[in-house]
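Asker: Mind looking over this structure? Questions follow.
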Amino acid sequence: MFHVEISASILLSIIIPFLFLILANLKSSSKNFSSSSNATNLPKSYPIFGSIFTILKNKDRRVQWTSEMVLCTPNLTYTLYRPFGYRQMFTANAANVQYMLKTHFSNYRKGDVFRKTLKDFLGDGIFNADGDNWKFQRQVSSHEFNTRSLRNFVETVVDSELSDRLIPVLKNAAANKIVLDFQDILQRFAFDNVCNIAFGYDPAYLLPSLPQERFAVAFGSAVALISERFNSNIPFIWKIKRALNIGSEKQLKLVVNEVREFAKSIIKEKKQELQEKTSKESVDLLSRFLSSGHSDEDFVTDIVISFILAGRDTTSAALTWFFWLLYNNPEVENEILKEIKETSEGTVYEEVKDMIYIHASLCESMRLYPPVPVDTKSAANHDILPDGTVVKKGTRISYHPFAMGRVEKVWGPDWEEFRPERWLEAAKDEAGKWRFVGKDSFTYPVFQAGPRICLGKDMALLQMKRIVGGVLRRFRVVPVVEKGYEPIYISDFTSKMKGGFPVRIEEREVDLLQH
């Protein structure tokens with residue numbers, strides 16, 4: 001105990017003067033480093049401290065600020081200098097992205113810093129793995145994701161959650177003129193979905209009472225706290241807190257233990273269930289992994305937690321910004337309603353396969369507001385990127401989907417506009433029909449690209465199109481905001497709308513189901 005107290009005293013004696021120096025520099029440099037000026041002026045870098053003063057001034061608009069830095073460089077690549085000589089690169093150059101994610105994939109890994117920072121929560125799961133461990137998990141997961149039976153199961157889960165939970169909640173809100181936080185509603189929908197698909201467990205998080213389901217709350221807290229750690233500008237502070245088991249690190253340890261213990265209890269129940277079943281057919285991902293011989297508890301826990309993290313906030317983030325953009329672009333909503341009228345509400349797959357305009361609208365929304373705005377790799381060896389940028393071994397380099405959606409040379413001078421037609425062309429064989437024209441995944445890496453491209457991409461788009469069609473057939477989603485209000489885009493691992501998305505739900509006078 002005495003040793004810990006002495007260590008803490010020494011560490012604090014180092015940290016406190018450092019923090020006072022940072023505060024002093026923030027005050028003295030406020031004229032030079034205002035947030036509004038950063039679009040054209042690259043931040044100054046100082047010995048030892050790097051650009052920490054400007055970084056801290058922009059910590060609440062980190063994504064936007066780094067995007068501005070990248071976009072004002074001629075090769076769309078920018079190097080940010082952090083304290084103690086640590087460097088991080090950001091790029092929105094599609095050639096660099098292809099080089100990192102495909103051509104020279106083996107050199108750009110998660111890296112030790114990434115893995116060690118997230119290991120307490122993600123363990124060695126697929127999103128925190130490199131090398132042979134990643135290859136093995138990817139092979140196992142790819143096999144399961146490519147089965148028709150899993151797609152059928154996903155369709156059933158999505159349809160049930162939509163008809164039995166989301167529609168009744170919205171109907172109740174419309175009837176009683178209740179203001180909903182639509183971001184929260186969409187997160188609850190996604191959490192129920194992904195838990196059913198990953199675990200075969202239904203948390204029943206989306207109910208009219210909007211319950212504080214224990215696993216959902218613990219998982220959300222764990223994500224928020226591990227994100228705080230991951231995005232820390234001065235990493236040794238969280239390491240000290242973890243060593244001393246204090247503050248946010250103590251809280252993180254508690255909620256991660258709760259999440260992992262709950263996951264393991266579900267795994268034990270699932271093992272017992274599978275032993276007792278006469279039929280060997282498995283539906284959810286957990287059952288599939290266990291049935292195929294992957295019974296190691298830690299391995300299965302890590303991989304399932306990774307999939308819940310991937311599916312929990314990405315679709316809800318995409319849809320939150322989609323419905324905001326739709327409200328501000330009524331001409332797009334009218335086109336979508338026209339498409340919905342022409343689409344029969346049959347099976348999930350049958351309904352969404354013809355939703356070309358909705359598909360384009362979702363892609364356009366994610367161009368402007370990607371669910372994952374920045375993704376980071378670490379260079380295993382010295383290298384030179386296609387644009388000539390020298391990359392030293394160990395350098396962290398982030399490709400920036402948020403910035404890439406704002407590159408004028410790629411998207412045109414109207415890149416700020418929400419225009420789904422940029423993804424479409426008129427079909428030559430069918431008058432009046434659209435044909436989707438996508439961008440290559442290195443220009444538009446919203447779902448990653450190369451060997452690590454998102455396994456759940458098709459399922460995510462299916463789910464989003466099903467929600468858009470199911471909701472807009474019956475309701476209008478009307479934000480409760482003052483005229484001229486602009487929501488603030490923030491991000492931890494995934495993007496969010498700061499403060500939530502308050503809306504009123506209005507039932508359509510003519511239900512499009514009755515067309």
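Letters A, B, ... mark the chains of the structure tokens in the order given; residue numbers begin at 1 per chain; ligand numbers begin at 1, in order shown.
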Report as a VMD selection string all protein, DNA and RNA residues lying within 12 Å of A:Val223, evaluated on only C-alpha atoms, omitting residues in the same chain fewer than 3 positions from it.

Answerer: chain A and resid 118 120 to 122 216 to 220 226 to 231 251 to 253 255 to 256 259 305 to 306 308 to 310 312 to 313 491 to 494

Asker: Can you tell me which residues surround A:Ala174 at a distance of at most 6 Å, considering only C-alpha atoms, apart from same-chain residues fewer than 2 positions away, and format the answer as a ChimeraX atom specification?

Answerer: /A:171-172,176-177,505-506

Asker: Could the residues in this selection be written to a file with C-alpha atoms, as a short mmCIF file (atom, residue, chain, number, x, y, z; two decimals), in the first residue's frame?

Answerer:
data_model
loop_
_atom_site.label_atom_id
_atom_site.label_comp_id
_atom_site.auth_asym_id
_atom_site.auth_seq_id
_atom_site.Cartn_x
_atom_site.Cartn_y
_atom_site.Cartn_z
CA LYS A 171 -47.89 4.24 -33.34
CA ASN A 172 -48.24 4.90 -29.61
CA ASN A 176 -50.32 10.33 -27.72
CA LYS A 177 -48.20 13.08 -29.25
CA ILE A 505 -44.22 10.85 -35.10
CA GLU A 506 -47.17 11.59 -37.38
#

Asker: Expressed in Å to a single decimal, how great is the separation between atom CA of A:Leu285 and atom CA of A:Ala198?

Answerer: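 About the pair atom CA of A:Leu285 and atom CA of A:Ala198: they are 4.8 Å apart.
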
Asker: Let's see if you can do this: from backbone DSSP, list all alpha helix (DSSP H) residues in stretch 85-221 of chain A, as a PyMOL selection string.

Answerer: chain A and resi 94-98+111-122+131-145+148-161+167-175+182-199+214-221

Asker: Would you kindly return, as a ChimeraX atom specification, each protein, DNA or RNA residue with an atom no farther than 7 Å from any atom of stretch 329-337 of chain A, considering only C-alpha atoms and excluding same-chain residues fewer than 3 positions away?

Answerer: /A:325-326,340-341,357-358

Asker: Among stretch 282-422 of chain A, which ones does DSSP place in strand (DSSP E), written as a list in words?

Answerer: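 Output for stretch 282-422 of chain A, strand (DSSP E) only: Asp375, Thr376, Lys377, Ser378, Ala379, Asp383, Ile384, Val390, Val391, Arg396, Ile397, Ser398 and Tyr399 of chain A.
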
Asker: For all heavy atoms, I'd like the residues from the last selection saved as a tab-separated table (two decimals), in the first residue's frame.

Answerer:
chain	number	residue	atom	x	y	z
A	375	ASP	N	-10.78	5.41	-39.15
A	375	ASP	CA	-10.31	4.07	-38.78
A	375	ASP	C	-8.78	4.07	-38.83
A	375	ASP	O	-8.19	4.61	-39.78
A	375	ASP	CB	-10.89	3.01	-39.70
A	375	ASP	CG	-10.72	1.61	-39.14
A	375	ASP	OD1	-10.47	1.48	-37.93
A	375	ASP	OD2	-10.84	0.64	-39.92
A	376	THR	N	-8.17	3.45	-37.83
A	376	THR	CA	-6.73	3.59	-37.63
A	376	THR	C	-5.98	2.27	-37.79
A	376	THR	O	-6.43	1.23	-37.32
A	376	THR	CB	-6.45	4.17	-36.24
A	376	THR	OG1	-7.11	5.44	-36.12
A	376	THR	CG2	-4.97	4.37	-36.01
A	377	LYS	N	-4.85	2.34	-38.44
A	377	LYS	CA	-3.94	1.21	-38.59
A	377	LYS	C	-2.56	1.61	-38.03
A	377	LYS	O	-2.31	2.78	-37.75
A	377	LYS	CB	-3.79	0.81	-40.06
A	377	LYS	CG	-5.10	0.56	-40.80
A	377	LYS	CD	-5.87	-0.61	-40.24
A	377	LYS	CE	-7.16	-0.83	-41.02
A	377	LYS	NZ	-8.01	-1.87	-40.39
A	378	SER	N	-1.68	0.62	-37.94
A	378	SER	CA	-0.32	0.87	-37.47
A	378	SER	C	0.66	0.23	-38.45
A	378	SER	O	0.46	-0.93	-38.86
A	378	SER	CB	-0.12	0.28	-36.07
A	378	SER	OG	1.19	0.51	-35.62
A	379	ALA	N	1.68	0.97	-38.83
A	379	ALA	CA	2.66	0.46	-39.81
A	379	ALA	C	3.62	-0.52	-39.13
A	379	ALA	O	4.31	-0.17	-38.17
A	379	ALA	CB	3.43	1.61	-40.43
A	383	ASP	N	7.68	2.49	-44.73
A	383	ASP	CA	7.01	2.38	-46.02
A	383	ASP	C	6.88	3.76	-46.64
A	383	ASP	O	7.12	4.79	-45.99
A	383	ASP	CB	5.61	1.76	-45.83
A	383	ASP	CG	5.08	1.09	-47.09
A	383	ASP	OD1	5.77	1.13	-48.12
A	383	ASP	OD2	3.96	0.53	-47.04
A	384	ILE	N	6.48	3.79	-47.91
A	384	ILE	CA	6.16	5.04	-48.61
A	384	ILE	C	4.81	4.86	-49.27
A	384	ILE	O	4.60	3.92	-50.05
A	384	ILE	CB	7.23	5.39	-49.67
A	384	ILE	CG1	8.60	5.55	-49.01
A	384	ILE	CG2	6.84	6.67	-50.41
A	384	ILE	CD1	9.73	5.81	-50.00
A	390	VAL	N	6.18	9.49	-46.44
A	390	VAL	CA	7.05	8.50	-45.77
A	390	VAL	C	6.39	8.09	-44.45
A	390	VAL	O	5.99	8.94	-43.64
A	390	VAL	CB	8.45	9.08	-45.51
A	390	VAL	CG1	9.31	8.10	-44.71
A	390	VAL	CG2	9.13	9.43	-46.83
A	391	VAL	N	6.29	6.78	-44.24
A	391	VAL	CA	5.67	6.24	-43.04
A	391	VAL	C	6.73	5.46	-42.27
A	391	VAL	O	7.29	4.49	-42.77
A	391	VAL	CB	4.49	5.30	-43.38
A	391	VAL	CG1	3.85	4.76	-42.10
A	391	VAL	CG2	3.45	6.02	-44.23
A	396	ARG	N	1.03	5.36	-36.43
A	396	ARG	CA	-0.40	5.10	-36.60
A	396	ARG	C	-0.91	5.98	-37.74
A	396	ARG	O	-0.63	7.19	-37.78
A	396	ARG	CB	-1.18	5.39	-35.31
A	396	ARG	CG	-0.82	4.42	-34.19
A	396	ARG	CD	-1.57	4.76	-32.93
A	396	ARG	NE	-2.98	4.36	-33.03
A	396	ARG	CZ	-3.91	4.74	-32.15
A	396	ARG	NH1	-3.60	5.53	-31.15
A	396	ARG	NH2	-5.16	4.33	-32.30
A	397	ILE	N	-1.63	5.38	-38.65
A	397	ILE	CA	-2.16	6.12	-39.80
A	397	ILE	C	-3.64	5.81	-39.95
A	397	ILE	O	-4.05	4.65	-39.96
A	397	ILE	CB	-1.37	5.80	-41.09
A	397	ILE	CG1	-1.96	6.56	-42.28
A	397	ILE	CG2	-1.27	4.31	-41.35
A	397	ILE	CD1	-1.04	6.59	-43.49
A	398	SER	N	-4.42	6.86	-40.01
A	398	SER	CA	-5.88	6.74	-40.05
A	398	SER	C	-6.41	7.15	-41.40
A	398	SER	O	-6.08	8.24	-41.89
A	398	SER	CB	-6.52	7.62	-38.97
A	398	SER	OG	-6.01	7.30	-37.69
A	399	TYR	N	-7.23	6.30	-42.01
A	399	TYR	CA	-7.97	6.78	-43.19
A	399	TYR	C	-9.28	7.36	-42.68
A	399	TYR	O	-9.81	6.94	-41.66
A	399	TYR	CB	-8.16	5.67	-44.22
A	399	TYR	CG	-9.04	4.52	-43.83
A	399	TYR	CD1	-10.39	4.50	-44.17
A	399	TYR	CD2	-8.52	3.43	-43.14
A	399	TYR	CE1	-11.20	3.44	-43.82
A	399	TYR	CE2	-9.33	2.36	-42.80
A	399	TYR	CZ	-10.66	2.37	-43.14
A	399	TYR	OH	-11.47	1.33	-42.78

Asker: So that I can see what lies close to stretch 74-80 of chain A, please list as a PyMOL selection string the residues with an atom at most 7 Å from it, counting only C-alpha atoms and leaving out residues fewer than 3 positions away in the same chain.

Answerer: chain A and resi 69-71+87-93+387

Asker: Using only C-alpha atoms, find the one residue out of A:Asn233, A:Gln272, A:Ser221, A:Ser365 that sits nearest to A:Glu417.

Answerer: A:Ser365

Asker: Can you pull out every residue within 9 Å of A:Tyr205, counting only C-alpha atoms, but drop anything in the same chain fewer than 3 positions away, and send it as an MDAnalysis selection string?

Answerer: chainID A and resid 188:189 191:192 202 210:213 216

Asker: Those residues with N, CA, C and O atoms, as an mmCIF file, in the first residue's frame please?

Answerer:
data_model
loop_
_atom_site.group_PDB
_atom_site.id
_atom_site.type_symbol
_atom_site.label_atom_id
_atom_site.label_comp_id
_atom_site.auth_asym_id
_atom_site.auth_seq_id
_atom_site.Cartn_x
_atom_site.Cartn_y
_atom_site.Cartn_z
ATOM 1 N N ARG A 188 -31.958 1.110 -29.621
ATOM 2 C CA ARG A 188 -32.635 -0.008 -28.954
ATOM 3 C C ARG A 188 -33.019 -1.081 -29.976
ATOM 4 O O ARG A 188 -32.863 -2.280 -29.717
ATOM 5 N N PHE A 189 -33.544 -0.661 -31.105
ATOM 6 C CA PHE A 189 -33.891 -1.590 -32.176
ATOM 7 C C PHE A 189 -32.657 -2.398 -32.591
ATOM 8 O O PHE A 189 -32.698 -3.632 -32.685
ATOM 9 N N PHE A 191 -29.879 -2.909 -30.948
ATOM 10 C CA PHE A 191 -29.339 -3.757 -29.885
ATOM 11 C C PHE A 191 -30.146 -5.055 -29.760
ATOM 12 O O PHE A 191 -29.570 -6.148 -29.632
ATOM 13 N N ASP A 192 -31.465 -4.947 -29.793
ATOM 14 C CA ASP A 192 -32.292 -6.160 -29.787
ATOM 15 C C ASP A 192 -31.933 -7.066 -30.963
ATOM 16 O O ASP A 192 -31.775 -8.282 -30.814
ATOM 17 N N ASP A 202 -32.778 -12.304 -26.460
ATOM 18 C CA ASP A 202 -33.599 -11.121 -26.707
ATOM 19 C C ASP A 202 -33.618 -10.244 -25.458
ATOM 20 O O ASP A 202 -34.278 -10.570 -24.470
ATOM 21 N N LEU A 210 -39.561 1.737 -22.616
ATOM 22 C CA LEU A 210 -38.142 2.065 -22.804
ATOM 23 C C LEU A 210 -37.322 1.655 -21.569
ATOM 24 O O LEU A 210 -36.718 2.494 -20.888
ATOM 25 N N PRO A 211 -37.283 0.355 -21.277
ATOM 26 C CA PRO A 211 -36.629 -0.126 -20.052
ATOM 27 C C PRO A 211 -35.117 0.077 -20.070
ATOM 28 O O PRO A 211 -34.489 0.151 -21.137
ATOM 29 N N GLN A 212 -34.533 0.146 -18.875
ATOM 30 C CA GLN A 212 -33.079 0.213 -18.730
ATOM 31 C C GLN A 212 -32.557 -1.210 -18.535
ATOM 32 O O GLN A 212 -32.222 -1.618 -17.420
ATOM 33 N N GLU A 213 -32.529 -1.975 -19.629
ATOM 34 C CA GLU A 213 -32.122 -3.374 -19.565
ATOM 35 C C GLU A 213 -30.658 -3.470 -19.146
ATOM 36 O O GLU A 213 -29.797 -2.756 -19.653
ATOM 37 N N ALA A 216 -27.779 -4.175 -21.713
ATOM 38 C CA ALA A 216 -27.672 -3.059 -22.661
ATOM 39 C C ALA A 216 -26.989 -1.858 -22.022
ATOM 40 O O ALA A 216 -26.121 -1.214 -22.632
#
